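Asker: File follows, work-v1.cif with mmCIF, N, CA and C atoms:
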```
data_protein
loop_
_atom_site.label_atom_id
_atom_site.label_comp_id
_atom_site.auth_asym_id
_atom_site.auth_seq_id
_atom_site.Cartn_x
_atom_site.Cartn_y
_atom_site.Cartn_z
N MET A 1133 -7.16 19.98 -22.09
CA MET A 1133 -7.42 21.09 -22.97
C MET A 1133 -8.59 21.88 -22.42
N THR A 1134 -8.45 23.18 -22.38
CA THR A 1134 -9.54 24.03 -21.91
C THR A 1134 -10.06 24.85 -23.08
N HIS A 1135 -11.33 25.16 -23.03
CA HIS A 1135 -11.97 25.92 -24.10
C HIS A 1135 -12.51 27.25 -23.62
N GLY A 1136 -12.28 27.59 -22.36
CA GLY A 1136 -12.78 28.85 -21.84
C GLY A 1136 -14.27 28.77 -21.56
N ASN A 1137 -14.87 29.91 -21.39
CA ASN A 1137 -16.27 30.03 -21.02
C ASN A 1137 -17.11 30.15 -22.28
N LEU A 1138 -17.45 29.01 -22.89
CA LEU A 1138 -18.18 29.01 -24.15
C LEU A 1138 -19.65 29.40 -23.99
N LEU A 1139 -20.19 29.26 -22.80
CA LEU A 1139 -21.60 29.58 -22.57
C LEU A 1139 -21.83 31.05 -22.24
N GLY A 1140 -20.78 31.79 -22.02
CA GLY A 1140 -20.91 33.20 -21.70
C GLY A 1140 -21.45 33.46 -20.31
N ILE A 1141 -21.36 32.48 -19.42
CA ILE A 1141 -21.81 32.65 -18.05
C ILE A 1141 -20.78 33.51 -17.31
N PRO A 1142 -21.23 34.54 -16.60
CA PRO A 1142 -20.26 35.40 -15.91
C PRO A 1142 -19.55 34.67 -14.77
N ASP A 1143 -18.35 35.12 -14.48
CA ASP A 1143 -17.60 34.59 -13.35
C ASP A 1143 -18.37 34.80 -12.06
N THR A 1144 -18.27 33.84 -11.17
CA THR A 1144 -18.81 34.02 -9.83
C THR A 1144 -17.66 34.40 -8.92
N LEU A 1145 -17.82 35.51 -8.23
CA LEU A 1145 -16.78 36.05 -7.36
C LEU A 1145 -17.31 36.11 -5.93
N LEU A 1146 -16.73 35.31 -5.07
CA LEU A 1146 -17.16 35.29 -3.68
C LEU A 1146 -16.63 36.51 -2.93
N PRO A 1147 -17.33 36.90 -1.88
CA PRO A 1147 -16.83 37.99 -1.04
C PRO A 1147 -15.63 37.53 -0.22
N GLU A 1148 -14.92 38.48 0.32
CA GLU A 1148 -13.75 38.18 1.15
C GLU A 1148 -14.15 37.27 2.31
N ASP A 1149 -13.29 36.31 2.61
CA ASP A 1149 -13.50 35.36 3.70
C ASP A 1149 -12.66 35.83 4.89
N PRO A 1150 -13.29 36.24 5.99
CA PRO A 1150 -12.52 36.74 7.14
C PRO A 1150 -11.61 35.70 7.77
N ALA A 1151 -11.86 34.43 7.51
CA ALA A 1151 -11.03 33.39 8.08
C ALA A 1151 -9.63 33.37 7.47
N VAL A 1152 -9.50 33.84 6.23
CA VAL A 1152 -8.20 33.78 5.55
C VAL A 1152 -7.15 34.58 6.31
N ALA A 1153 -7.49 35.77 6.77
CA ALA A 1153 -6.54 36.59 7.53
C ALA A 1153 -6.17 35.90 8.84
N ARG A 1154 -7.12 35.29 9.48
CA ARG A 1154 -6.85 34.60 10.75
C ARG A 1154 -5.91 33.42 10.53
N LEU A 1155 -6.14 32.68 9.46
CA LEU A 1155 -5.26 31.56 9.14
C LEU A 1155 -3.85 32.05 8.81
N ALA A 1156 -3.78 33.13 8.03
CA ALA A 1156 -2.48 33.70 7.66
C ALA A 1156 -1.72 34.21 8.88
N ALA A 1157 -2.45 34.62 9.90
CA ALA A 1157 -1.82 35.11 11.13
C ALA A 1157 -1.36 33.97 12.04
N GLY A 1158 -1.63 32.73 11.61
CA GLY A 1158 -1.15 31.57 12.37
C GLY A 1158 -2.14 30.98 13.35
N GLU A 1159 -3.37 31.46 13.31
CA GLU A 1159 -4.37 30.89 14.22
C GLU A 1159 -4.66 29.44 13.81
N SER A 1160 -4.93 28.62 14.78
CA SER A 1160 -5.24 27.21 14.54
C SER A 1160 -6.42 27.07 13.57
N PRO A 1161 -6.28 26.23 12.53
CA PRO A 1161 -7.39 26.03 11.62
C PRO A 1161 -8.67 25.52 12.32
N ALA A 1162 -8.51 24.69 13.34
CA ALA A 1162 -9.69 24.22 14.08
C ALA A 1162 -10.37 25.37 14.81
N ALA A 1163 -9.60 26.26 15.40
CA ALA A 1163 -10.17 27.41 16.09
C ALA A 1163 -10.86 28.34 15.08
N VAL A 1164 -10.25 28.51 13.92
CA VAL A 1164 -10.84 29.38 12.90
C VAL A 1164 -12.14 28.76 12.38
N ALA A 1165 -12.14 27.45 12.12
CA ALA A 1165 -13.36 26.79 11.65
C ALA A 1165 -14.48 26.90 12.68
N ALA A 1166 -14.13 26.80 13.96
CA ALA A 1166 -15.14 26.94 15.01
C ALA A 1166 -15.67 28.37 15.10
N ALA A 1167 -14.81 29.34 14.88
CA ALA A 1167 -15.21 30.75 14.98
C ALA A 1167 -15.91 31.24 13.71
N VAL A 1168 -15.51 30.70 12.55
CA VAL A 1168 -16.07 31.12 11.26
C VAL A 1168 -16.48 29.86 10.49
N PRO A 1169 -17.51 29.17 10.96
CA PRO A 1169 -17.85 27.87 10.36
C PRO A 1169 -18.31 27.94 8.91
N ALA A 1170 -18.67 29.10 8.41
CA ALA A 1170 -19.07 29.23 7.01
C ALA A 1170 -17.88 29.35 6.07
N SER A 1171 -16.67 29.35 6.61
CA SER A 1171 -15.45 29.54 5.81
C SER A 1171 -14.99 28.27 5.12
N SER A 1172 -15.04 28.25 3.81
CA SER A 1172 -14.47 27.12 3.07
C SER A 1172 -12.97 27.03 3.28
N ALA A 1173 -12.31 28.18 3.41
CA ALA A 1173 -10.85 28.18 3.57
C ALA A 1173 -10.43 27.46 4.84
N ALA A 1174 -11.15 27.69 5.93
CA ALA A 1174 -10.80 27.02 7.19
C ALA A 1174 -10.96 25.51 7.05
N TRP A 1175 -12.09 25.07 6.48
CA TRP A 1175 -12.32 23.63 6.32
C TRP A 1175 -11.35 23.02 5.32
N ALA A 1176 -11.02 23.75 4.26
CA ALA A 1176 -10.05 23.24 3.29
C ALA A 1176 -8.68 23.06 3.94
N THR A 1177 -8.30 24.00 4.79
CA THR A 1177 -7.02 23.89 5.49
C THR A 1177 -7.00 22.65 6.39
N LEU A 1178 -8.09 22.44 7.13
CA LEU A 1178 -8.18 21.24 7.96
C LEU A 1178 -8.09 19.98 7.11
N ALA A 1179 -8.77 19.97 5.97
CA ALA A 1179 -8.73 18.80 5.08
C ALA A 1179 -7.33 18.56 4.53
N GLU A 1180 -6.68 19.62 4.08
CA GLU A 1180 -5.33 19.48 3.53
C GLU A 1180 -4.36 18.98 4.59
N ASP A 1181 -4.49 19.50 5.81
CA ASP A 1181 -3.62 19.03 6.90
C ASP A 1181 -3.87 17.55 7.20
N ALA A 1182 -5.14 17.16 7.22
CA ALA A 1182 -5.48 15.76 7.49
C ALA A 1182 -4.95 14.86 6.38
N LEU A 1183 -5.08 15.28 5.13
CA LEU A 1183 -4.53 14.48 4.02
C LEU A 1183 -3.02 14.32 4.16
N ALA A 1184 -2.35 15.40 4.51
CA ALA A 1184 -0.89 15.34 4.67
C ALA A 1184 -0.47 14.39 5.79
N ASP A 1185 -1.35 14.23 6.78
CA ASP A 1185 -1.06 13.33 7.90
C ASP A 1185 -1.61 11.92 7.70
N GLY A 1186 -2.20 11.65 6.54
CA GLY A 1186 -2.75 10.32 6.27
C GLY A 1186 -4.07 10.04 6.98
N ARG A 1187 -4.74 11.08 7.43
CA ARG A 1187 -6.05 10.92 8.10
C ARG A 1187 -7.14 11.16 7.05
N ASP A 1188 -7.29 10.18 6.16
CA ASP A 1188 -8.12 10.34 4.98
C ASP A 1188 -9.61 10.49 5.28
N VAL A 1189 -10.12 9.77 6.27
CA VAL A 1189 -11.54 9.89 6.60
C VAL A 1189 -11.83 11.27 7.19
N GLU A 1190 -10.97 11.74 8.06
CA GLU A 1190 -11.13 13.09 8.60
C GLU A 1190 -11.04 14.12 7.48
N ALA A 1191 -10.09 13.93 6.58
CA ALA A 1191 -9.93 14.86 5.46
C ALA A 1191 -11.21 14.91 4.64
N TYR A 1192 -11.79 13.76 4.40
CA TYR A 1192 -13.03 13.70 3.63
C TYR A 1192 -14.13 14.51 4.32
N ALA A 1193 -14.28 14.32 5.61
CA ALA A 1193 -15.31 15.04 6.36
C ALA A 1193 -15.06 16.55 6.36
N TYR A 1194 -13.84 16.95 6.60
CA TYR A 1194 -13.51 18.38 6.57
C TYR A 1194 -13.76 18.97 5.17
N ALA A 1195 -13.28 18.26 4.15
CA ALA A 1195 -13.42 18.77 2.78
C ALA A 1195 -14.88 18.84 2.36
N ARG A 1196 -15.67 17.86 2.75
CA ARG A 1196 -17.10 17.88 2.41
C ARG A 1196 -17.79 19.07 3.07
N THR A 1197 -17.41 19.38 4.30
CA THR A 1197 -17.98 20.54 4.98
C THR A 1197 -17.60 21.82 4.24
N GLY A 1198 -16.33 21.96 3.88
CA GLY A 1198 -15.89 23.14 3.14
C GLY A 1198 -16.55 23.27 1.78
N TYR A 1199 -16.74 22.15 1.13
CA TYR A 1199 -17.42 22.11 -0.17
C TYR A 1199 -18.86 22.62 -0.03
N HIS A 1200 -19.59 22.10 0.95
CA HIS A 1200 -20.98 22.52 1.13
C HIS A 1200 -21.09 23.97 1.57
N ARG A 1201 -20.19 24.41 2.44
CA ARG A 1201 -20.20 25.82 2.84
C ARG A 1201 -19.90 26.70 1.63
N GLY A 1202 -19.01 26.24 0.76
CA GLY A 1202 -18.70 26.99 -0.46
C GLY A 1202 -19.86 27.03 -1.42
N LEU A 1203 -20.58 25.92 -1.57
CA LEU A 1203 -21.76 25.93 -2.44
C LEU A 1203 -22.79 26.94 -1.95
N ASP A 1204 -22.97 26.99 -0.63
CA ASP A 1204 -23.90 27.97 -0.06
C ASP A 1204 -23.47 29.39 -0.43
N ALA A 1205 -22.19 29.68 -0.27
CA ALA A 1205 -21.67 31.01 -0.58
C ALA A 1205 -21.79 31.32 -2.07
N LEU A 1206 -21.49 30.34 -2.92
CA LEU A 1206 -21.61 30.55 -4.37
C LEU A 1206 -23.05 30.86 -4.76
N ARG A 1207 -23.98 30.12 -4.20
CA ARG A 1207 -25.39 30.37 -4.52
C ARG A 1207 -25.80 31.78 -4.09
N ARG A 1208 -25.35 32.20 -2.91
CA ARG A 1208 -25.66 33.57 -2.46
C ARG A 1208 -25.05 34.61 -3.41
N ALA A 1209 -23.94 34.24 -4.06
CA ALA A 1209 -23.27 35.16 -4.98
C ALA A 1209 -23.82 35.08 -6.40
N GLY A 1210 -24.87 34.27 -6.60
CA GLY A 1210 -25.52 34.22 -7.90
C GLY A 1210 -25.19 33.02 -8.77
N TRP A 1211 -24.35 32.12 -8.29
CA TRP A 1211 -23.97 30.93 -9.06
C TRP A 1211 -25.17 30.01 -9.18
N ARG A 1212 -25.37 29.44 -10.34
CA ARG A 1212 -26.52 28.56 -10.59
C ARG A 1212 -26.10 27.14 -10.96
N GLY A 1213 -25.00 26.70 -10.41
CA GLY A 1213 -24.57 25.32 -10.63
C GLY A 1213 -23.62 25.11 -11.78
N GLN A 1214 -23.27 26.18 -12.45
CA GLN A 1214 -22.30 26.08 -13.53
C GLN A 1214 -21.68 27.45 -13.78
N GLY A 1215 -20.58 27.42 -14.50
CA GLY A 1215 -19.91 28.66 -14.83
C GLY A 1215 -18.62 28.82 -14.05
N PRO A 1216 -17.81 29.76 -14.49
CA PRO A 1216 -16.48 29.96 -13.92
C PRO A 1216 -16.50 30.45 -12.48
N VAL A 1217 -15.59 29.87 -11.71
CA VAL A 1217 -15.29 30.30 -10.34
C VAL A 1217 -13.77 30.48 -10.33
N PRO A 1218 -13.29 31.61 -10.81
CA PRO A 1218 -11.86 31.75 -11.11
C PRO A 1218 -10.94 31.69 -9.89
N TRP A 1219 -9.87 30.93 -10.06
CA TRP A 1219 -8.81 30.82 -9.06
C TRP A 1219 -8.16 32.17 -8.84
N SER A 1220 -8.10 32.99 -9.87
CA SER A 1220 -7.43 34.29 -9.77
C SER A 1220 -8.11 35.23 -8.78
N HIS A 1221 -9.37 34.97 -8.46
CA HIS A 1221 -10.09 35.77 -7.46
C HIS A 1221 -9.86 35.11 -6.10
N GLU A 1222 -9.00 35.71 -5.30
CA GLU A 1222 -8.55 35.13 -4.03
C GLU A 1222 -9.67 34.56 -3.15
N PRO A 1223 -10.79 35.25 -2.96
CA PRO A 1223 -11.84 34.70 -2.09
C PRO A 1223 -12.46 33.39 -2.60
N ASN A 1224 -12.29 33.06 -3.88
CA ASN A 1224 -12.80 31.79 -4.42
C ASN A 1224 -11.92 30.61 -4.03
N ARG A 1225 -10.71 30.86 -3.59
CA ARG A 1225 -9.75 29.79 -3.39
C ARG A 1225 -10.13 28.81 -2.29
N GLY A 1226 -10.78 29.26 -1.25
CA GLY A 1226 -11.18 28.34 -0.19
C GLY A 1226 -12.11 27.26 -0.72
N PHE A 1227 -13.12 27.68 -1.50
CA PHE A 1227 -14.03 26.71 -2.10
C PHE A 1227 -13.28 25.77 -3.03
N LEU A 1228 -12.47 26.32 -3.92
CA LEU A 1228 -11.75 25.49 -4.88
C LEU A 1228 -10.80 24.52 -4.18
N ARG A 1229 -10.15 24.96 -3.12
CA ARG A 1229 -9.27 24.07 -2.34
C ARG A 1229 -10.08 22.96 -1.69
N ALA A 1230 -11.28 23.28 -1.19
CA ALA A 1230 -12.12 22.27 -0.57
C ALA A 1230 -12.56 21.23 -1.60
N VAL A 1231 -12.89 21.65 -2.80
CA VAL A 1231 -13.28 20.71 -3.86
C VAL A 1231 -12.11 19.79 -4.20
N ALA A 1232 -10.92 20.37 -4.35
CA ALA A 1232 -9.74 19.56 -4.66
C ALA A 1232 -9.44 18.58 -3.53
N ALA A 1233 -9.53 19.05 -2.30
CA ALA A 1233 -9.27 18.16 -1.16
C ALA A 1233 -10.31 17.06 -1.09
N LEU A 1234 -11.56 17.38 -1.41
CA LEU A 1234 -12.60 16.36 -1.41
C LEU A 1234 -12.33 15.32 -2.49
N SER A 1235 -11.88 15.75 -3.64
CA SER A 1235 -11.52 14.81 -4.70
C SER A 1235 -10.40 13.88 -4.25
N ARG A 1236 -9.37 14.46 -3.67
CA ARG A 1236 -8.23 13.66 -3.21
C ARG A 1236 -8.62 12.71 -2.08
N ALA A 1237 -9.40 13.21 -1.12
CA ALA A 1237 -9.81 12.37 0.01
C ALA A 1237 -10.75 11.26 -0.45
N ALA A 1238 -11.65 11.58 -1.37
CA ALA A 1238 -12.54 10.55 -1.91
C ALA A 1238 -11.73 9.44 -2.57
N GLY A 1239 -10.73 9.83 -3.33
CA GLY A 1239 -9.87 8.83 -3.96
C GLY A 1239 -9.14 7.98 -2.93
N ALA A 1240 -8.70 8.62 -1.85
CA ALA A 1240 -7.96 7.90 -0.81
C ALA A 1240 -8.81 6.87 -0.07
N ILE A 1241 -10.13 7.11 0.00
CA ILE A 1241 -11.00 6.15 0.69
C ILE A 1241 -11.76 5.25 -0.29
N GLY A 1242 -11.39 5.32 -1.57
CA GLY A 1242 -11.96 4.41 -2.55
C GLY A 1242 -13.28 4.85 -3.16
N GLU A 1243 -13.62 6.12 -3.03
CA GLU A 1243 -14.84 6.67 -3.63
C GLU A 1243 -14.51 7.25 -5.00
N ALA A 1244 -14.27 6.37 -5.97
CA ALA A 1244 -13.81 6.80 -7.29
C ALA A 1244 -14.82 7.71 -7.99
N ASP A 1245 -16.10 7.42 -7.89
CA ASP A 1245 -17.10 8.27 -8.55
C ASP A 1245 -17.08 9.68 -7.97
N GLU A 1246 -17.01 9.78 -6.65
CA GLU A 1246 -16.96 11.09 -5.99
C GLU A 1246 -15.67 11.82 -6.35
N GLN A 1247 -14.58 11.08 -6.40
CA GLN A 1247 -13.30 11.68 -6.78
C GLN A 1247 -13.41 12.33 -8.16
N GLU A 1248 -13.99 11.62 -9.10
CA GLU A 1248 -14.11 12.15 -10.46
C GLU A 1248 -15.12 13.29 -10.55
N ARG A 1249 -16.24 13.18 -9.84
CA ARG A 1249 -17.22 14.28 -9.85
C ARG A 1249 -16.59 15.58 -9.35
N CYS A 1250 -15.81 15.47 -8.28
CA CYS A 1250 -15.17 16.67 -7.73
C CYS A 1250 -14.09 17.20 -8.66
N ALA A 1251 -13.33 16.30 -9.26
CA ALA A 1251 -12.31 16.74 -10.23
C ALA A 1251 -12.97 17.42 -11.42
N ALA A 1252 -14.12 16.90 -11.87
CA ALA A 1252 -14.84 17.51 -12.99
C ALA A 1252 -15.37 18.89 -12.60
N LEU A 1253 -15.91 19.01 -11.38
CA LEU A 1253 -16.39 20.31 -10.91
C LEU A 1253 -15.23 21.31 -10.86
N LEU A 1254 -14.09 20.87 -10.40
CA LEU A 1254 -12.93 21.75 -10.34
C LEU A 1254 -12.52 22.18 -11.75
N ARG A 1255 -12.48 21.23 -12.68
CA ARG A 1255 -12.14 21.56 -14.08
C ARG A 1255 -13.13 22.54 -14.67
N ASP A 1256 -14.42 22.31 -14.41
CA ASP A 1256 -15.45 23.18 -14.96
C ASP A 1256 -15.42 24.57 -14.32
N SER A 1257 -14.98 24.65 -13.09
CA SER A 1257 -14.95 25.92 -12.37
C SER A 1257 -13.73 26.76 -12.70
N SER A 1258 -12.56 26.10 -12.73
CA SER A 1258 -11.32 26.85 -12.92
C SER A 1258 -10.18 25.93 -13.35
N ALA A 1259 -9.79 26.04 -14.60
CA ALA A 1259 -8.66 25.26 -15.09
C ALA A 1259 -7.39 25.61 -14.33
N ASP A 1260 -7.24 26.88 -13.95
CA ASP A 1260 -6.06 27.28 -13.19
C ASP A 1260 -6.00 26.56 -11.84
N ALA A 1261 -7.16 26.38 -11.22
CA ALA A 1261 -7.20 25.68 -9.92
C ALA A 1261 -6.78 24.23 -10.07
N VAL A 1262 -7.15 23.60 -11.16
CA VAL A 1262 -6.75 22.20 -11.39
C VAL A 1262 -5.24 22.10 -11.39
N GLY A 1263 -4.60 23.00 -12.14
CA GLY A 1263 -3.14 22.99 -12.19
C GLY A 1263 -2.50 23.26 -10.85
N GLU A 1264 -3.05 24.22 -10.13
CA GLU A 1264 -2.51 24.59 -8.81
C GLU A 1264 -2.72 23.50 -7.77
N LEU A 1265 -3.89 22.88 -7.78
CA LEU A 1265 -4.29 22.01 -6.68
C LEU A 1265 -4.16 20.52 -6.96
N LEU A 1266 -4.32 20.13 -8.20
CA LEU A 1266 -4.22 18.71 -8.54
C LEU A 1266 -3.03 18.41 -9.45
N GLY A 1267 -2.34 19.47 -9.89
CA GLY A 1267 -1.16 19.29 -10.71
C GLY A 1267 -1.45 18.78 -12.09
N LYS A 1268 -2.64 19.09 -12.61
CA LYS A 1268 -3.03 18.65 -13.96
C LYS A 1268 -3.46 19.86 -14.76
N ASP A 1269 -3.39 19.73 -16.06
CA ASP A 1269 -3.88 20.79 -16.96
C ASP A 1269 -5.17 20.37 -17.59
#
```
Using the file provided, produce a representation of the structure as structure tokens.

Answerer:
Amino acid sequence: MTHGNLLGIPDTLLPEDPAVARLAAGESPAAVAAAVPASSAAWATLAEDALADGRDVEAYAYARTGYHRGLDALRRAGWRGQGPVPWSHEPNRGFLRAVAALSRAAGAIGEADEQERCAALLRDSSADAVGELLGKD
């Protein structure tokens, strides 16, 4: 059950991520991450690919990098550790994907506390992202 933004904290909207176009054009996620290391989308893509291949430790490392790069970007955009980071705003998706991948990878390597912390952050940031990325409401 979601209750919306009860605190009245404004949405945090990240700027466009130049890596997204490169990924969409078919460039290797590793090459994009090397060229645009601040991109959560590039790291999230690497994490998702690693999870799909059963490389859970690599996925964890990639997702953690994307998560931290996203936190840096959110702070630059005015985020103070809470409040909505809407899935509907396309540039936010790299960060949200990295958080979801980190939750999944943490679970895969037995880090239950980290898995839940990341799932809670995702829920607090964007209920829509939870449904899209973790398949839960």

Asker: Taking into account all atoms listed in the file, which residue in the set A:Ser1160, A:Thr1144, A:Gln1247, A:Thr1197 is nearest to Asn1224 (chain A)?

Answerer: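 Residue with the minimum atom-to-atom distance to Asn1224 (chain A): A:Thr1144.
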
Asker: Let me know the residues the PyMOL selection byres ((chain A and resi 1261) around 8) catches in the file above, as a ChimeraX atom specification.

Answerer: /A:1217-1220,1228-1229,1232,1254-1255,1257-1260,1262-1268

Asker: Going by the chain IDs and residue numbers used in this file, which residues fall under the PyMOL selection byres (((chain A and resi 1148 and name CA) around 8) and name CA)? Write them as a ChimeraX atom specification.

Answerer: /A:1146-1147,1149-1150,1222-1223

Asker: What does the structure give for the distance between atom N of Ala1167 (chain A) and atom C of Tyr1194 (chain A), in Å to one decimal?

Answerer: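 Going from atom N of Ala1167 (chain A) over to atom C of Tyr1194 (chain A), I get 14.2 Å.
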
Asker: Excluding Tyr1192 (chain A) and any residue of its chain fewer than 6 positions from it, enumerate the residues within 7 Å of it, using all atoms listed in the file, and give them as a PyMOL selection string.

Answerer: chain A and resi 1179+1183+1233-1234+1237-1238

Asker: Quick check for you: according to DSSP on this backbone, which residues of region 1143-1183 of chain A are classed as helix (DSSP H, G or I)? Reply as a PyMOL selection string.

Answerer: chain A and resi 1150-1156+1161-1167+1172-1183

Asker: Take atom N of Val1164 (chain A) and atom C of Val1152 (chain A) and report the distance between them in Å, one decimal.

Answerer: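 Distance reported for this atom pair: 10.2 Å.
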